[in-house]
Amino acid sequence: MIWLRRLFVFLIAAGAAAALAFAMQSKPVLVDMTTIARGPLVVTISDGGRTRIRDRYVVSAPLSGRLVRIALDPGDEVVAKQTHLTTIEPTDPTLLDPRATALAEARVKAADARVSLAQPRLASALETLNLEETEMGRLSQLAKKNAAAEQELNRQTVAFRKATNDYSAANFEVEIAELEQAKAALLRTNRNDDTADITEWSFPITSPISGRVLRVFQESATKVNPGDRIMELGDPADLEVEVDVLSTDAVKIPPGARVMLNEWGGDESLEARVRLIEPSAFTKVSALGIEEQRVNVIIDFVDPPESRLSLGDGFRVEADIVRWEADDVLTVRTGALFRESGEWSVFIVADETTELRHLEIGHRNDDAAEVLNGLKEGDKVVSYPGDRVSTGTVVSQRGLTIARPKAW
């Protein structure tokens, strides 16, 4: 019976020792974990911008006279050389005196000079457009046969769009030279019949372009002088976006970079491309009172106007300009990264124990970073490690996510 009592005492002592050891054992630290995976990564430069009509036209008075009250309102549609904008009636004797005649003749000569100056540009722009169109067609055929690089085709597409815009601008230069209006104003000064009805000597003004009325500067009837602004016209469907970014970011934007326009009022993002990075920067004071050097980036829409009918002139948008992207890279969430001894590091989890691992990372955005060396697909890392996590810490999983960064 003595040995039974000794065995009983021994079991009680062993149980107490085991309970004490279990009580003294530290509890695992609850952490969030992320599984390293491959996926797309997009690095963008994001900033606010505003839309603007590419080509604006201010209709001004070509001669002195009395402006008839304008019936058009902002938003009304106009057709080139058809829509009647307003009429200027003569105010004797200013419209008919020798001085007015001389001024009208001078305006005819000036308008004729503008036409002569613009026509060679128009011819040159047409030749360039035909050349770029032929080259783009050739590259498109080669691309279908995998005989041309996609990058070369993209550059040619941008060149063709630029040539198209240059031709349109040169064509508009000829149209808005207002030679015919200047000649008509001169004819109106040669009045021989003083008894004729005043409407015979009125000078009608028609729209120089097809588009819409943007603003009416002078709605009521009044006397106008040559050069006085009457109204502003433009085509709301022909929009571009102006975004000012830091000069340090502007140098990183490649030509023809892809752009996604968000926060414009629609449910979907709008596709666009960078057309121009202006060569001159300007100083702008930020909301914090810091002087910044910023550069305007001009962006063209890729989506058709039908997808953004509600978007108008001067509307605010948020532009995400893609400066680098890849479809299949090894990524880690930026929340798991921290600096240790001057190197990027993470805590990986192996057998519920943390281990410090130094990394080499490449491109990164606010959400994820490209892993060049130090991790492999399937590794588990601690997200947002706190002060309780160090090398050798026993951890327990609170949540597990896959490190696939969002596209934007």
# chains A, B, ... in the order shown; residues from 1 in each chain; ligands from 1
$ residues_around --residues "range 262-276 of chain A" --least-positions-apart "2" --cutoff "9 Å" --atoms "only C-alpha atoms" --output "PyMOL selection string"
chain A and resi 158+161-162+253-260+278-279+296-303+307-308+310-311+315-321
$ atom_distance --atom1 "CA of Leu359 in chain A" --atom2 "CA of Arg38 in chain A"
16.0 Å
$ residues_around --residues "Thr354 in chain A" --least-positions-apart "6" --cutoff "7 Å" --atoms "only C-alpha atoms" --output "number ranges by chain"
A: 347-348, 390-394
$ atom_distance --atom1 "CA of Val346 in chain A" --atom2 "CA of Ser383 in chain A"
8.6 Å
$ residues_around --residues "Val295 in chain A" --least-positions-apart "5" --cutoff "10 Å" --atoms "only C-alpha atoms" --output "mmCIF file with N, CA, C and O atoms, in the first residue's frame"
data_model
loop_
_atom_site.group_PDB
_atom_site.id
_atom_site.type_symbol
_atom_site.label_atom_id
_atom_site.label_comp_id
_atom_site.auth_asym_id
_atom_site.auth_seq_id
_atom_site.Cartn_x
_atom_site.Cartn_y
_atom_site.Cartn_z
ATOM 1 N N GLU A 242 -7.081 68.734 -68.646
ATOM 2 C CA GLU A 242 -5.842 69.370 -68.199
ATOM 3 C C GLU A 242 -5.616 68.998 -66.730
ATOM 4 O O GLU A 242 -6.457 69.282 -65.874
ATOM 5 N N VAL A 243 -4.484 68.347 -66.464
ATOM 6 C CA VAL A 243 -4.124 67.941 -65.105
ATOM 7 C C VAL A 243 -2.753 68.517 -64.791
ATOM 8 O O VAL A 243 -1.815 68.340 -65.568
ATOM 9 N N ASP A 244 -2.641 69.221 -63.660
ATOM 10 C CA ASP A 244 -1.318 69.716 -63.275
ATOM 11 C C ASP A 244 -0.733 68.787 -62.213
ATOM 12 O O ASP A 244 -1.371 68.498 -61.205
ATOM 13 N N VAL A 245 0.460 68.269 -62.469
ATOM 14 C CA VAL A 245 1.145 67.340 -61.571
ATOM 15 C C VAL A 245 2.480 67.950 -61.172
ATOM 16 O O VAL A 245 2.971 68.904 -61.776
ATOM 17 N N LEU A 246 3.080 67.404 -60.122
ATOM 18 C CA LEU A 246 4.399 67.847 -59.703
ATOM 19 C C LEU A 246 5.408 67.609 -60.824
ATOM 20 O O LEU A 246 5.334 66.602 -61.534
ATOM 21 N N SER A 247 6.354 68.517 -60.965
ATOM 22 C CA SER A 247 7.351 68.369 -62.028
ATOM 23 C C SER A 247 8.173 67.099 -61.839
ATOM 24 O O SER A 247 8.611 66.481 -62.813
ATOM 25 N N THR A 248 8.365 66.680 -60.581
ATOM 26 C CA THR A 248 9.106 65.437 -60.327
ATOM 27 C C THR A 248 8.324 64.210 -60.778
ATOM 28 O O THR A 248 8.922 63.173 -61.079
ATOM 29 N N ASP A 249 7.001 64.318 -60.832
ATOM 30 C CA ASP A 249 6.181 63.217 -61.343
ATOM 31 C C ASP A 249 6.042 63.291 -62.863
ATOM 32 O O ASP A 249 5.933 62.259 -63.530
ATOM 33 N N ALA A 250 6.051 64.503 -63.403
ATOM 34 C CA ALA A 250 5.847 64.667 -64.844
ATOM 35 C C ALA A 250 6.955 63.994 -65.652
ATOM 36 O O ALA A 250 6.701 63.457 -66.731
ATOM 37 N N VAL A 251 8.195 64.013 -65.129
ATOM 38 C CA VAL A 251 9.302 63.410 -65.873
ATOM 39 C C VAL A 251 9.196 61.888 -65.917
ATOM 40 O O VAL A 251 9.887 61.239 -66.709
ATOM 41 N N ILE A 277 2.850 66.689 -72.564
ATOM 42 C CA ILE A 277 3.349 67.180 -71.279
ATOM 43 C C ILE A 277 4.001 68.527 -71.568
ATOM 44 O O ILE A 277 5.009 68.592 -72.266
ATOM 45 N N GLU A 278 3.394 69.575 -71.083
ATOM 46 C CA GLU A 278 3.878 70.907 -71.432
ATOM 47 C C GLU A 278 5.321 71.099 -70.974
ATOM 48 O O GLU A 278 5.704 70.648 -69.889
ATOM 49 N N PRO A 279 6.142 71.768 -71.791
ATOM 50 C CA PRO A 279 7.566 71.884 -71.485
ATOM 51 C C PRO A 279 7.900 72.902 -70.405
ATOM 52 O O PRO A 279 9.044 72.965 -69.951
ATOM 53 N N SER A 280 6.931 73.705 -69.993
ATOM 54 C CA SER A 280 7.206 74.751 -69.017
ATOM 55 C C SER A 280 6.388 74.518 -67.753
ATOM 56 O O SER A 280 5.177 74.271 -67.825
ATOM 57 N N ALA A 281 7.058 74.607 -66.600
ATOM 58 C CA ALA A 281 6.388 74.439 -65.322
ATOM 59 C C ALA A 281 5.979 75.798 -64.754
ATOM 60 O O ALA A 281 6.389 76.857 -65.252
ATOM 61 N N PHE A 282 5.163 75.779 -63.724
ATOM 62 C CA PHE A 282 4.731 77.001 -63.060
ATOM 63 C C PHE A 282 4.677 76.742 -61.555
ATOM 64 O O PHE A 282 4.617 75.599 -61.104
ATOM 65 N N THR A 283 4.704 77.803 -60.794
ATOM 66 C CA THR A 283 4.695 77.703 -59.332
ATOM 67 C C THR A 283 3.260 77.773 -58.826
ATOM 68 O O THR A 283 2.490 78.657 -59.237
ATOM 69 N N LYS A 284 2.933 76.853 -57.931
ATOM 70 C CA LYS A 284 1.592 76.816 -57.353
ATOM 71 C C LYS A 284 1.720 76.582 -55.843
ATOM 72 O O LYS A 284 2.521 75.754 -55.409
#
$ select_by_dssp --residues "range 101-338 of chain A" --states "strand (DSSP E)" --output "PyMOL selection string"
chain A and resi 203-206+211-216+222-224+229-234+239-246+258-262+270-277+282-285+291-301+316-333+338
$ residues_around --residues "range 74-78 of chain A" --least-positions-apart "3" --cutoff "12 Å" --atoms "only C-alpha atoms" --output "JSON, numbers by chain"
{"A": [70, 71, 81, 82, 83, 84, 85, 206, 207, 208, 209, 210, 211, 212, 213, 214, 215, 216, 217, 219, 231, 232, 233, 234, 235, 236, 237, 312, 313]}
$ residues_around --residues "Pro90 in chain A" --least-positions-apart "3" --cutoff "7 Å" --atoms "only C-alpha atoms" --output "list of chain:residue names"
A:Gly65, A:Arg66, A:Leu95, A:Trp201, A:Ser202
$ select_by_dssp --residues "range 190-345 of chain A" --states "alpha helix (DSSP H)" --output "list of chain:residue names"
A:Ser247, A:Thr248, A:Asp249, A:Ala250
$ residues_around --residues "Ile230 in chain A" --least-positions-apart "4" --cutoff "6 Å" --atoms "only C-alpha atoms" --output "PyMOL selection string"
chain A and resi 59-60+217-218
$ atom_distance --atom1 "CA of Arg69 in chain A" --atom2 "CA of Asn225 in chain A"
15.4 Å
$ closest_residue --among "A:Thr101, A:Lys109, A:Ser286, A:Leu41" --to "Val332 in chain A" --atoms "only C-alpha atoms"
A:Leu41
$ closest_residue --among "A:Ala110, A:Leu142, A:Ala163, A:Val29" --to "Ala125 in chain A" --atoms "only C-alpha atoms"
A:Ala163
